[in-house]
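Chemist: The structure is given below, and queries will be raised subsequently.
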Amino acid sequence: MGLTDILLWIVIGISIYFSSWWLIALNRTLKQAHLFDAETALEYTNQNLKELPIVTVIIPLWNEEKTIQATIQSVLNLNYPHDKLEIIIVNDGSTDNSEKQIFETFPQLQKIRPREISLKTIIGVFRKIFLREIKIRKNQTIKYIYQKNAGKGVALNVGITIAKGKYYAGLDSDSYVAKNTLIKMIATLTYQNNKLNTNRVITITPAMRISYPKTIVQYLQHYEYLMSMFVARIMSDHDMIYVTPGPFSLYDREKIIELGGYHEDQKQILTEDQELAYRIQDCHYYIKQCPNAYVYSTGPSTLKGLLNQRNRWFKGSLICLSNYRHMIMNREYGDFGIQQMSINILRVFLSLSVLYIFYVITIDPIIQLIQRMALYHFDIWPFIRDFGMNFNLLNYNYPRLLASGIILLIGILMLLLSHVNANIKIKKKDFKYLVIYFLIYHILMAYVMLKVIIDLLLGRKQWW
Amino acid sequence: MHRRKISYEYYVISLNIVMIIILLGALAYIYVDSKRYLSKQDESEIQNNQYLSLQLQYTLLNDVLESDSQSCSALNTALQNSIEDLGSSLDKLLEYQKDSINDEYYENLEHRYVLDNVKYWMLAKKAKELCELDKVIILYFFSDNCEICPDQGVILSYYKKTYDENILVFPINVDNAVYEPVIQLIMSAYEIDTYPSIVVDDVKYEGIIYKDELGNILGDCFARFTKNKNVSNCSQND
């Protein structure tokens with residue numbers, strides 16, 4: 001047994017361990033399943049709240065001229081009382097036609113002069129902003145803020161400072177929120193707080209999906225999102241969520257201010273949403289998922305875009321993990337510390353191992369074959385002529401086959417369950433993408449992980 | 001202070017599942033390993049019988065009966081097949097041995113193959129004289145510690161595939177000389193001290209012989225067969 005097989009079995013062991021943990025945990029999720037639809041959500045909130053709370057939707061905007069109009073439209077279409085829904089757009093110094101797109105949507109905005117304000121934000125820093133405010137419907141106003149480019153964290157903090165809502169939801173300007181998402185989330189938030197008899201549930205995450213996948217790259221993300229939303233649902237019931245997605249996670253505004261808002265140094269914290277989630281966990285607040293609150297994100301359409309995005313995400317994850325390493329295997333943090341933080345750390349090991357195993361069992365043999373063929377000047381005809389099927393059951397590497405079989409089975413099981421969870425049927429056209437998903441996608445992600453680790457090691461002083 | 005839940009039972013159950021699956025994997029592995037060993041043992045017995053039969057047939061032809069071309073060619077085909085079986089069988093054995101946790105398990109079998117290989121080589125040499133075969137017999141000396149040796153192996157198997165039954169290759173791993181004096185005897189007979197070395201019909205070539213050069217050597221041999229039907233040895237010097 002070589003190193004490859006031993007490594008393969010370690011990977012198998014860890015994967016089986018985590019997936020059986022999730023599957024056992026699924027039991028609790030199924031028992032507790034409590035989903036609101038639009039009507040029951042309204043009913044529940046009517047019974048349990050005096051009135052619906054004011055919610056502010058903050059749209060940080062940076063160079064998203066293609067999608068911003070649709071993003072705003074999705075917010076305007078939200079099934080929520082207009083007088084309870086505040087909209088703030090924070091243009092973080094876009095250099096493309098984003099502003100023009102906004103003026104096209106709300107022509108009155110262009111007509112009024114912006115007010116220049118020196119705003120003391122929630123973290124106590126003064127920011128110069130240009131504010132315009134117009135009435136768009138009877139009881140609804142929209143605020144449009146322009147600031148010099150300072151990063152998404154700053155844009156969100158400015159938004160929170162201006163916001164009047166008890167709750168706020170950030171919405172990335174390449175994402176669209178479904179009509180009933182907000183009311184479902186408010187109901188879920190109320191329900192979870194009532195159930196736990198606390199007010200410590202301060203964040204509700206939505207179920208993110210890829211909006212109308214077109215390219216292969218988007219389809220791959222589509223399956224990945226379905227899976228991670230399924231896992232997040234289980235994690236939610238065990239208070240293990242470690243990332244609150246940028247698009248439309250709902251937060252208790254006061255509590256986030258208390259926690260210090262978003263991290264503003266984008267160069268140091270690449271994933272401000274994940275950093276906030278870790279901080280929420282660190283302070284023992286609850287993050288819960290609302291499994292049927294759908295938010296649609298565009299997702300990079302090209303491979304290069306995807307690799308860049310993942311590079312940033314993985315780097316951000318590792319930085320967060322390093323900053324919050326005191327939670328790893330810490331019993332004080334319950335299942336989050338023991339299970340989730342271990343997964344987050346082991347994921348790095350798994351990625352690198354998978355990459356190594358992939359190299360040894362596919363790339364290396366191919367290189368060797370080519371080298372051998374070069375020795376006889378690529379005259380492969382004698383070998384083809386003499387190609388006989390030498391079939392012997394004993395010749396196969398059974399431990400390796402068994403290992404790959406188990407991994408594949410786990411993968412298929414998770415895929416099926418995640419489709420059931422998302423209420424989506426697997427169609428015929430899915431199969432070709434799924435083959436690519438199972439064969440290549442994780443190798444690709446492992447490759448990104450390797451690159452990220454090399455980057456971080458080389459730029460050590462800068463990051464750690 | 002806020003207390004957070006640890007679902008201990010989940011960890012215990014998951015760990016048990018992992019243990020069970022790893023155990024199943026290990027059992028399957030041990031089962032396949034022993035099956036492989038038994039199958040190799042059977043194969044070895046069959047090959048041994050084949051060898052005895054072939055040897056007897058040649059002795060019969062040589063000492064008791066008149067050798068004629070018809071019985072000769074039938075025998076040669078049988079010999080050819082046996083040698084090829086032996087070759088691939090040995091390759092598999094080495095592969096299984098590499099996979100096995102207990103490679104000592106296979107050591108006796110490997111020893112047997114080493115001897116069989118030499119036996120067949122001798123038989124082939126004898127058969128060549130007796131039946132005037134148009135075959136080139138190649139001894140290929142290599143060592144596990146020599147990095148370039150596999151290249152020579154690749155080139156030899158290329159020509160083996162190209163000329164098919166006209167070439168008989170006998171690979172000899174010199175590392176086995178440690179425990180097998182027969183290998184030492186052959187090595188000293190051909191004065192082998194560098195690896196890889198090949199002996200093509202009793203002419204020794206040291207160092208790796210690449211495709212074109214080996215092609216020329218083999219071409220010369222075959223040319224000589226057609227020129228002089230009675231001389232079935234090719235040599236560099238004449």
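Lettering and numbering for the structure tokens are positional, with chains as A, B, ... in the shown order, residues counted from 1 in each chain, and ligands counted from 1 in the shown order.
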Give me, as JSON lines, the closest atom pair and its distance (Å, one decimal) for every residue of chain A within a cut-off of 6 Å of chain B, counting only C-alpha atoms, rows sorted by chain and rising number.
Modeler:
```
{"residue": "A:Met1", "atom": "CA", "partner": "B:Asp99", "partner_atom": "CA", "distance": 5.2}
{"residue": "A:Gly13", "atom": "CA", "partner": "B:Val18", "partner_atom": "CA", "distance": 5.8}
{"residue": "A:Tyr17", "atom": "CA", "partner": "B:Ser14", "partner_atom": "CA", "distance": 5.3}
{"residue": "A:Ser20", "atom": "CA", "partner": "B:Ser14", "partner_atom": "CA", "distance": 5.4}
{"residue": "A:Trp21", "atom": "CA", "partner": "B:Ser14", "partner_atom": "CA", "distance": 5.5}
{"residue": "A:Tyr333", "atom": "CA", "partner": "B:Arg4", "partner_atom": "CA", "distance": 5.9}
{"residue": "A:Gly334", "atom": "CA", "partner": "B:Ile6", "partner_atom": "CA", "distance": 4.6}
{"residue": "A:Asp335", "atom": "CA", "partner": "B:Ile6", "partner_atom": "CA", "distance": 4.9}
{"residue": "A:Tyr376", "atom": "CA", "partner": "B:Lys211", "partner_atom": "CA", "distance": 5.8}
{"residue": "A:Pro382", "atom": "CA", "partner": "B:Thr162", "partner_atom": "CA", "distance": 5.2}
```
Chemist: Give me a file of those residues, with C-alpha atoms, as a PDB file, in the first residue's frame.
Modeler:
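Below is the file that was written, again-v1.pdb:
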```pdb
ATOM      1  CA  MET A   1       0.000   0.000   0.000  1.00  0.00           C
ATOM      2  CA  GLY A  13     -12.487   8.451   6.493  1.00  0.00           C
ATOM      3  CA  TYR A  17     -17.250  11.082   9.128  1.00  0.00           C
ATOM      4  CA  SER A  20     -22.572  10.775   8.365  1.00  0.00           C
ATOM      5  CA  TRP A  21     -22.563  13.577  10.917  1.00  0.00           C
ATOM      6  CA  TYR A 333     -18.684  27.103  21.101  1.00  0.00           C
ATOM      7  CA  GLY A 334     -20.559  23.792  21.056  1.00  0.00           C
ATOM      8  CA  ASP A 335     -20.974  22.004  17.759  1.00  0.00           C
ATOM      9  CA  TYR A 376       9.670   4.370 -29.586  1.00  0.00           C
ATOM     10  CA  PRO A 382       2.197  -2.523 -32.817  1.00  0.00           C
TER      11      PRO A 382
END
```
Chemist: Please, which residues of range 33-178 of chain B, numbered as in this document, come out alpha helix (DSSP H) from DSSP, as a PyMOL selection string?
Modeler: chain B and resi 33-59+69-99+107-131+149-163
Chemist: Applying 12 Å and only C-alpha atoms, which residues near Glu165 in chain B remain after dropping the ones on its own chain fewer than 3 positions away? List them as a list of chain:residue names.
Modeler: B:Ser73, B:Asn76, B:Thr77, B:Ala78, B:Leu79, B:Gln80, B:Asn81, B:Ser82, B:Ile83, B:Glu84, B:Leu133, B:Asp134, B:Lys135, B:Val136, B:Ile137, B:Tyr159, B:Lys160, B:Lys161, B:Thr162, B:Leu168, B:Val169
Chemist: Quick one: pull the distance between CA of Gly165 in chain A and CA of Glu86 in chain A, Å, one decimal.
Modeler: 7.2 Å
